[in-house]
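One file, run11.cif, carrying mmCIF, C-alpha atoms, pLDDT in the B column; chains and numbers go by the auth columns:
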```cif
data_protein
#
loop_
_atom_site.group_PDB
_atom_site.id
_atom_site.type_symbol
_atom_site.label_atom_id
_atom_site.label_comp_id
_atom_site.label_asym_id
_atom_site.label_seq_id
_atom_site.Cartn_x
_atom_site.Cartn_y
_atom_site.Cartn_z
_atom_site.B_iso_or_equiv
_atom_site.auth_seq_id
_atom_site.auth_asym_id
ATOM 1 C CA MET A 1 -19.617 12.380 -4.553 51.00 242 W
ATOM 2 C CA SER A 2 -18.649 12.104 -8.204 69.00 243 W
ATOM 3 C CA ASP A 3 -18.318 8.707 -9.837 92.00 244 W
ATOM 4 C CA ALA A 4 -15.733 6.715 -7.909 92.00 245 W
ATOM 5 C CA ALA A 5 -13.956 3.756 -9.447 95.00 246 W
ATOM 6 C CA VAL A 6 -10.855 1.593 -9.361 97.00 247 W
ATOM 7 C CA ARG A 7 -9.055 0.473 -12.505 97.00 248 W
ATOM 8 C CA PRO A 8 -5.740 -1.127 -13.425 98.00 249 W
ATOM 9 C CA ALA A 9 -2.987 1.457 -13.760 98.00 250 W
ATOM 10 C CA ASP A 10 -1.319 2.012 -17.101 96.00 251 W
ATOM 11 C CA LEU A 11 1.993 3.686 -17.896 97.00 252 W
ATOM 12 C CA SER A 12 0.300 7.077 -18.271 97.00 253 W
ATOM 13 C CA ASP A 13 -0.576 6.907 -14.526 97.00 254 W
ATOM 14 C CA ALA A 14 3.059 6.811 -13.328 96.00 255 W
ATOM 15 C CA ALA A 15 3.430 10.576 -12.843 95.00 256 W
ATOM 16 C CA GLU A 16 0.166 10.867 -10.926 96.00 257 W
ATOM 17 C CA ILE A 17 1.020 7.880 -8.713 97.00 258 W
ATOM 18 C CA ALA A 18 4.414 9.498 -7.970 95.00 259 W
ATOM 19 C CA ARG A 19 2.703 12.772 -7.071 94.00 260 W
ATOM 20 C CA ILE A 20 0.231 11.021 -4.773 95.00 261 W
ATOM 21 C CA GLN A 21 3.045 9.127 -3.032 94.00 262 W
ATOM 22 C CA ARG A 22 5.112 12.274 -2.534 91.00 263 W
ATOM 23 C CA ASP A 23 2.180 14.425 -1.361 91.00 264 W
ATOM 24 C CA THR A 24 0.741 11.750 0.928 89.00 265 W
ATOM 25 C CA TRP A 25 4.050 10.896 2.557 85.00 266 W
ATOM 26 C CA HIS A 26 4.703 14.583 3.222 84.00 267 W
ATOM 27 C CA ALA A 27 1.214 15.112 4.648 84.00 268 W
ATOM 28 C CA ALA A 28 0.853 11.937 6.670 81.00 269 W
ATOM 29 C CA TYR A 29 4.253 10.374 7.388 82.00 270 W
ATOM 30 C CA GLU A 30 6.795 13.077 8.217 80.00 271 W
ATOM 31 C CA ASP A 31 6.624 12.262 11.926 82.00 272 W
ATOM 32 C CA LEU A 32 7.101 8.551 11.229 82.00 273 W
ATOM 33 C CA LEU A 33 9.769 8.740 8.511 84.00 274 W
ATOM 34 C CA GLY A 34 11.645 11.961 9.263 76.00 275 W
ATOM 35 C CA LYS A 35 12.588 14.875 7.053 82.00 276 W
ATOM 36 C CA GLN A 36 15.699 13.171 5.662 80.00 277 W
ATOM 37 C CA ALA A 37 13.713 10.249 4.239 80.00 278 W
ATOM 38 C CA LEU A 38 11.216 12.645 2.685 81.00 279 W
ATOM 39 C CA ALA A 39 14.039 14.705 1.172 79.00 280 W
ATOM 40 C CA GLU A 40 15.425 11.522 -0.407 79.00 281 W
ATOM 41 C CA LEU A 41 11.954 10.743 -1.735 75.00 282 W
ATOM 42 C CA ASP A 42 11.781 14.217 -3.286 70.00 283 W
ATOM 43 C CA GLY A 43 15.088 13.628 -5.066 65.00 284 W
ATOM 44 C CA ALA A 44 14.179 10.159 -6.337 71.00 285 W
ATOM 45 C CA ASP A 45 13.007 9.393 -9.854 85.00 286 W
ATOM 46 C CA LEU A 46 9.591 8.271 -8.677 91.00 287 W
ATOM 47 C CA VAL A 47 8.011 8.488 -12.120 93.00 288 W
ATOM 48 C CA GLY A 48 10.650 6.095 -13.465 93.00 289 W
ATOM 49 C CA THR A 49 10.191 3.777 -10.505 94.00 290 W
ATOM 50 C CA TRP A 50 6.428 3.722 -10.947 95.00 291 W
ATOM 51 C CA THR A 51 6.732 3.174 -14.695 96.00 292 W
ATOM 52 C CA GLU A 52 8.858 0.087 -13.981 96.00 293 W
ATOM 53 C CA THR A 53 6.455 -1.118 -11.275 96.00 294 W
ATOM 54 C CA ILE A 54 3.391 -0.805 -13.512 97.00 295 W
ATOM 55 C CA ASP A 55 5.204 -2.639 -16.300 96.00 296 W
ATOM 56 C CA TYR A 56 6.672 -5.391 -14.070 94.00 297 W
ATOM 57 C CA PRO A 57 5.221 -8.866 -14.765 92.00 298 W
ATOM 58 C CA GLY A 58 3.088 -10.095 -11.872 89.00 299 W
ATOM 59 C CA SER A 59 2.689 -6.643 -10.356 93.00 300 W
ATOM 60 C CA LEU A 60 -0.927 -5.599 -9.793 97.00 301 W
ATOM 61 C CA VAL A 61 -1.165 -1.804 -9.736 98.00 302 W
ATOM 62 C CA TYR A 62 -4.534 -0.113 -9.402 98.00 303 W
ATOM 63 C CA VAL A 63 -5.608 3.511 -9.237 98.00 304 W
ATOM 64 C CA ALA A 64 -8.668 4.936 -7.515 97.00 305 W
ATOM 65 C CA THR A 65 -10.459 7.732 -9.289 97.00 306 W
ATOM 66 C CA GLU A 66 -13.190 10.139 -8.397 95.00 307 W
ATOM 67 C CA GLY A 67 -14.573 11.911 -11.390 93.00 308 W
ATOM 68 C CA GLU A 68 -11.586 13.086 -13.399 93.00 309 W
ATOM 69 C CA PHE A 69 -9.137 12.898 -10.487 95.00 310 W
ATOM 70 C CA THR A 70 -6.761 10.081 -9.548 96.00 311 W
ATOM 71 C CA VAL A 71 -6.991 9.983 -5.762 96.00 312 W
ATOM 72 C CA GLY A 72 -5.088 6.879 -4.650 97.00 313 W
ATOM 73 C CA PHE A 73 -3.311 3.712 -5.679 98.00 314 W
ATOM 74 C CA CYS A 74 -2.505 0.195 -4.567 98.00 315 W
ATOM 75 C CA VAL A 75 0.281 -2.211 -5.469 98.00 316 W
ATOM 76 C CA ALA A 76 -0.139 -5.924 -4.871 98.00 317 W
ATOM 77 C CA GLY A 77 1.443 -9.180 -5.943 97.00 318 W
ATOM 78 C CA ARG A 78 2.577 -12.548 -4.702 96.00 319 W
ATOM 79 C CA ALA A 79 4.306 -12.204 -1.343 97.00 320 W
ATOM 80 C CA PRO A 80 8.058 -12.872 -1.571 96.00 321 W
ATOM 81 C CA GLU A 81 9.314 -15.465 0.920 95.00 322 W
ATOM 82 C CA GLY A 82 11.071 -12.787 2.964 94.00 323 W
ATOM 83 C CA GLU A 83 7.803 -10.892 3.452 95.00 324 W
ATOM 84 C CA VAL A 84 5.706 -13.887 4.494 96.00 325 W
ATOM 85 C CA ALA A 85 8.306 -15.733 6.616 95.00 326 W
ATOM 86 C CA ALA A 86 8.085 -15.831 10.388 90.00 327 W
ATOM 87 C CA ALA A 87 10.676 -13.968 12.448 84.00 328 W
ATOM 88 C CA ASP A 88 12.775 -17.151 12.628 89.00 329 W
ATOM 89 C CA GLY A 89 12.751 -17.456 8.816 91.00 330 W
ATOM 90 C CA SER A 90 10.350 -20.385 8.651 94.00 331 W
ATOM 91 C CA LEU A 91 7.654 -20.294 6.015 96.00 332 W
ATOM 92 C CA PRO A 92 3.983 -20.918 6.729 95.00 333 W
ATOM 93 C CA ASP A 93 2.258 -23.781 4.907 95.00 334 W
ATOM 94 C CA ASP A 94 0.393 -21.286 2.700 96.00 335 W
ATOM 95 C CA ALA A 95 3.444 -19.197 1.727 96.00 336 W
ATOM 96 C CA ASP A 96 2.971 -19.915 -1.960 95.00 337 W
ATOM 97 C CA ALA A 97 -0.688 -18.815 -1.769 96.00 338 W
ATOM 98 C CA THR A 98 -0.103 -15.527 0.060 98.00 339 W
ATOM 99 C CA GLY A 99 -0.454 -12.136 -1.577 98.00 340 W
ATOM 100 C CA LEU A 100 1.180 -8.890 -0.496 98.00 341 W
ATOM 101 C CA ILE A 101 -0.422 -5.483 -0.427 98.00 342 W
ATOM 102 C CA ALA A 102 2.857 -3.645 -0.892 97.00 343 W
ATOM 103 C CA THR A 103 1.399 -0.138 -0.904 96.00 344 W
ATOM 104 C CA LEU A 104 -2.046 1.340 -0.483 97.00 345 W
ATOM 105 C CA LEU A 105 -2.285 5.133 -0.384 95.00 346 W
ATOM 106 C CA VAL A 106 -5.155 7.579 -0.730 95.00 347 W
ATOM 107 C CA GLU A 107 -4.457 11.282 -0.631 92.00 348 W
ATOM 108 C CA PRO A 108 -5.654 12.588 2.749 88.00 349 W
ATOM 109 C CA ARG A 109 -7.938 15.179 1.139 86.00 350 W
ATOM 110 C CA TRP A 110 -9.810 12.307 -0.577 84.00 351 W
ATOM 111 C CA GLY A 111 -9.977 10.138 2.530 77.00 352 W
ATOM 112 C CA ARG A 112 -13.079 8.716 4.174 81.00 353 W
ATOM 113 C CA ARG A 113 -14.860 8.324 0.826 83.00 354 W
ATOM 114 C CA GLY A 114 -14.404 4.564 0.365 89.00 355 W
ATOM 115 C CA HIS A 115 -11.420 4.735 -1.987 95.00 356 W
ATOM 116 C CA ALA A 116 -9.093 2.652 0.207 95.00 357 W
ATOM 117 C CA GLY A 117 -11.745 -0.044 0.631 95.00 358 W
ATOM 118 C CA ARG A 118 -12.365 -0.224 -3.109 96.00 359 W
ATOM 119 C CA LEU A 119 -8.619 -0.412 -3.771 97.00 360 W
ATOM 120 C CA LEU A 120 -8.120 -3.211 -1.231 97.00 361 W
ATOM 121 C CA ALA A 121 -11.130 -5.179 -2.494 96.00 362 W
ATOM 122 C CA THR A 122 -9.958 -4.867 -6.105 96.00 363 W
ATOM 123 C CA ALA A 123 -6.393 -5.887 -5.230 97.00 364 W
ATOM 124 C CA ALA A 124 -7.735 -8.815 -3.194 97.00 365 W
ATOM 125 C CA ALA A 125 -9.799 -9.974 -6.195 96.00 366 W
ATOM 126 C CA GLY A 126 -6.707 -9.712 -8.418 97.00 367 W
ATOM 127 C CA LEU A 127 -4.655 -11.729 -5.943 97.00 368 W
ATOM 128 C CA ARG A 128 -7.383 -14.385 -5.697 96.00 369 W
ATOM 129 C CA ALA A 129 -7.484 -14.620 -9.490 96.00 370 W
ATOM 130 C CA ASP A 130 -3.717 -15.212 -9.344 95.00 371 W
ATOM 131 C CA GLY A 131 -4.192 -18.114 -6.907 95.00 372 W
ATOM 132 C CA ALA A 132 -3.627 -16.379 -3.563 97.00 373 W
ATOM 133 C CA ALA A 133 -5.860 -17.267 -0.617 95.00 374 W
ATOM 134 C CA ARG A 134 -4.539 -14.947 2.083 96.00 375 W
ATOM 135 C CA GLY A 135 -3.075 -11.469 2.139 98.00 376 W
ATOM 136 C CA ILE A 136 -0.486 -9.612 4.182 98.00 377 W
ATOM 137 C CA ALA A 137 0.488 -5.976 4.528 98.00 378 W
ATOM 138 C CA TRP A 138 3.156 -4.188 6.553 97.00 379 W
ATOM 139 C CA VAL A 139 1.991 -1.044 8.374 97.00 380 W
ATOM 140 C CA ALA A 140 3.923 1.373 10.553 94.00 381 W
ATOM 141 C CA GLN A 141 3.036 0.763 14.180 94.00 382 W
ATOM 142 C CA GLY A 142 2.349 4.490 14.603 90.00 383 W
ATOM 143 C CA ASP A 143 0.054 4.731 11.552 93.00 384 W
ATOM 144 C CA HIS A 144 -3.197 4.425 13.471 93.00 385 W
ATOM 145 C CA ALA A 145 -5.388 5.349 10.493 91.00 386 W
ATOM 146 C CA SER A 146 -4.005 2.529 8.316 94.00 387 W
ATOM 147 C CA LEU A 147 -4.035 0.026 11.171 96.00 388 W
ATOM 148 C CA GLY A 148 -7.687 0.875 11.852 94.00 389 W
ATOM 149 C CA PHE A 149 -8.551 0.565 8.169 94.00 390 W
ATOM 150 C CA TYR A 150 -7.059 -2.924 7.865 96.00 391 W
ATOM 151 C CA ARG A 151 -8.676 -4.035 11.119 95.00 392 W
ATOM 152 C CA ARG A 152 -12.082 -2.898 9.828 93.00 393 W
ATOM 153 C CA ALA A 153 -11.389 -5.031 6.734 94.00 394 W
ATOM 154 C CA GLY A 154 -10.817 -8.030 9.016 93.00 395 W
ATOM 155 C CA TRP A 155 -7.008 -8.027 8.843 96.00 396 W
ATOM 156 C CA ASN A 156 -5.129 -8.287 12.126 96.00 397 W
ATOM 157 C CA PRO A 157 -1.520 -8.346 13.347 96.00 398 W
ATOM 158 C CA ASP A 158 -0.007 -11.822 13.173 95.00 399 W
ATOM 159 C CA GLY A 159 2.673 -11.099 15.770 93.00 400 W
ATOM 160 C CA THR A 160 5.505 -10.436 13.308 95.00 401 W
ATOM 161 C CA VAL A 161 7.261 -7.073 13.468 94.00 402 W
ATOM 162 C CA ARG A 162 10.235 -5.549 11.707 93.00 403 W
ATOM 163 C CA THR A 163 12.246 -2.402 12.177 92.00 404 W
ATOM 164 C CA LEU A 164 13.387 -0.269 9.259 89.00 405 W
ATOM 165 C CA ASP A 165 16.082 2.392 9.419 86.00 406 W
ATOM 166 C CA THR A 166 14.884 5.558 7.636 83.00 407 W
ATOM 167 C CA GLY A 167 18.291 7.190 8.036 81.00 408 W
ATOM 168 C CA GLU A 168 16.937 9.509 10.710 83.00 409 W
ATOM 169 C CA ARG A 169 14.928 7.192 12.940 85.00 410 W
ATOM 170 C CA MET A 170 13.864 3.612 13.319 90.00 411 W
ATOM 171 C CA LEU A 171 10.424 2.714 11.979 90.00 412 W
ATOM 172 C CA ARG A 172 8.685 -0.271 13.526 94.00 413 W
ATOM 173 C CA GLU A 173 6.180 -2.067 11.284 95.00 414 W
ATOM 174 C CA VAL A 174 3.667 -4.756 12.134 97.00 415 W
ATOM 175 C CA ARG A 175 2.517 -7.387 9.681 97.00 416 W
ATOM 176 C CA LEU A 176 -1.218 -7.712 9.225 97.00 417 W
ATOM 177 C CA THR A 177 -2.937 -10.667 7.621 97.00 418 W
ATOM 178 C CA GLY A 178 -6.428 -11.489 6.499 96.00 419 W
ATOM 179 C CA THR A 179 -8.713 -13.064 3.999 93.00 420 W
ATOM 180 C CA LEU A 180 -8.836 -12.026 0.369 96.00 421 W
ATOM 181 C CA ASP A 181 -12.579 -12.601 0.295 91.00 422 W
ATOM 182 C CA LEU A 182 -13.399 -8.912 0.664 79.00 423 W
ATOM 183 C CA ALA A 183 -16.432 -7.044 -0.559 56.00 424 W
ATOM 184 C CA LEU A 184 -15.511 -3.534 0.548 57.00 425 W
ATOM 185 C CA THR A 185 -16.899 -0.558 -1.303 47.00 426 W
#
```
If you took the structure in this file and wrote it as structure tokens, what would it be?
Amino acid sequence: MSDAAVRPADLSDAAEIARIQRDTWHAAYEDLLGKQALAELDGADLVGTWTETIDYPGSLVYVATEGEFTVGFCVAGRAPEGEVAAADGSLPDDADATGLIATLLVEPRWGRRGHAGRLLATAAAGLRADGAARGIAWVAQGDHASLGFYRRAGWNPDGTVRTLDTGERMLREVRLTGTLDLALT
């Protein structure tokens, strides 16, 4: 394997992050999201969205590289109240010290090479540096690869679920939680 690394994203990474999102969703999530949602993704200004996300204060965006290739990305930040609240709307005692892994994607052709683990560990370190003690992530109930990855990292479902309407089908997501003291490579 070539040199693998994770680094903070900069504005020049927006187009590559958009490409990875588009390609990965098409390859891995068509059955979960439906063709209509993917068509809307194709028509969206993803480069503009990612430029704004990278530039947004408090947003931690990282890219995974292998040699000269960008192979994945992760977006993290403080968890908004609506993301960390229980189903009844109540907030846990540590709500203000909870980080959110909003997105973590590695192109399938670059999978099983440690990139996702390095991205999660780097994002966890960034969240800890920002004062977070615990992390959460939302994962589609049918995304067995991502669920397995988070479980191997020590993150488990906390019993909270939500259902999203993709316009073509309903997508059920489970919330996972775990420590930010990760040393994945």
Checklist entry - Could you name the residues that touch Arg413 of chain W at 9 Å or less, counting only C-alpha atoms, but leaving out those on the same chain fewer than 5 positions away, as an NGL selection string? => result :W and (380-383 or 402-406)
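Among the candidates W:Glu257, W:Asp422, W:Glu293, W:Asp244, the one nearest to Ala364 of chain W when counting only C-alpha atoms is W:Asp422.
Considering the residues W:Pro249, W:Leu332, W:Gly340, W:Arg319 and counting all atoms listed in the file, Asp296 of chain W has its shortest atom-to-atom contact with W:Pro249.
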Next on the checklist: Taking the file as I've supplied it (selection: the PyMOL selection byres ((chain W and resi 259-266) around 10)), which residues are included? Please answer as number ranges by chain.
Outcome noted: W: 254-258, 267-274, 278-280, 282-283, 285-292, 311-314, 344-350
Checklist outcome for this item: Pro398 of chain W proximity check over W:Ala386, W:Val415, W:Leu421, W:Ala373, using only C-alpha atoms: winner is W:Val415
Item to check | Result set of the PyMOL selection byres ((chain W and resi 356) around 8) on the coordinates above, as a ChimeraX atom specification | outcome: /W:245-246,305-306,312-313,347,351-355,357-360,426
Keeping only C-alpha atoms, write those residues as a short mmCIF file (atom, residue, chain, number, x, y, z; two decimals), in the coordinates of the input.
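Generated output (again38.cif):
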```
data_model
loop_
_atom_site.label_atom_id
_atom_site.label_comp_id
_atom_site.auth_asym_id
_atom_site.auth_seq_id
_atom_site.Cartn_x
_atom_site.Cartn_y
_atom_site.Cartn_z
CA ALA W 245 -15.73 6.72 -7.91
CA ALA W 246 -13.96 3.76 -9.45
CA ALA W 305 -8.67 4.94 -7.52
CA THR W 306 -10.46 7.73 -9.29
CA VAL W 312 -6.99 9.98 -5.76
CA GLY W 313 -5.09 6.88 -4.65
CA VAL W 347 -5.16 7.58 -0.73
CA TRP W 351 -9.81 12.31 -0.58
CA GLY W 352 -9.98 10.14 2.53
CA ARG W 353 -13.08 8.72 4.17
CA ARG W 354 -14.86 8.32 0.83
CA GLY W 355 -14.40 4.56 0.36
CA ALA W 357 -9.09 2.65 0.21
CA GLY W 358 -11.74 -0.04 0.63
CA ARG W 359 -12.36 -0.22 -3.11
CA LEU W 360 -8.62 -0.41 -3.77
CA THR W 426 -16.90 -0.56 -1.30
#
```
Next on the checklist: So, with only C-alpha atoms as the atoms that count, which of W:Thr420, W:Thr294, W:Gln277, W:Ser253 lies closest to Gly408 of chain W?
Outcome noted: W:Gln277
Checklist outcome for this item: In Å and to one decimal, atom CA of Thr407 of chain W is distant from atom CA of Gly275 of chain W by 7.4 Å
Checklist entry - Which distance in Å separates atom CA of Leu368 of chain W and atom CA of Gly419 of chain W, to one decimal? => result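 Value for the atom CA of Leu368 of chain W-atom CA of Gly419 of chain W distance: 12.6 Å.
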Checklist entry - Given the choices W:Val302, W:Asp371, W:Ala378, W:Ala317, which gets closest to Phe390 of chain W if the distance is worked out from all atoms listed in the file? => result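 Closest to Phe390 of chain W of all the choices is W:Ala378.
Computed from the coordinates, the atom CA of Pro298 of chain W to atom CA of Arg375 of chain W distance equals 20.4 Å.
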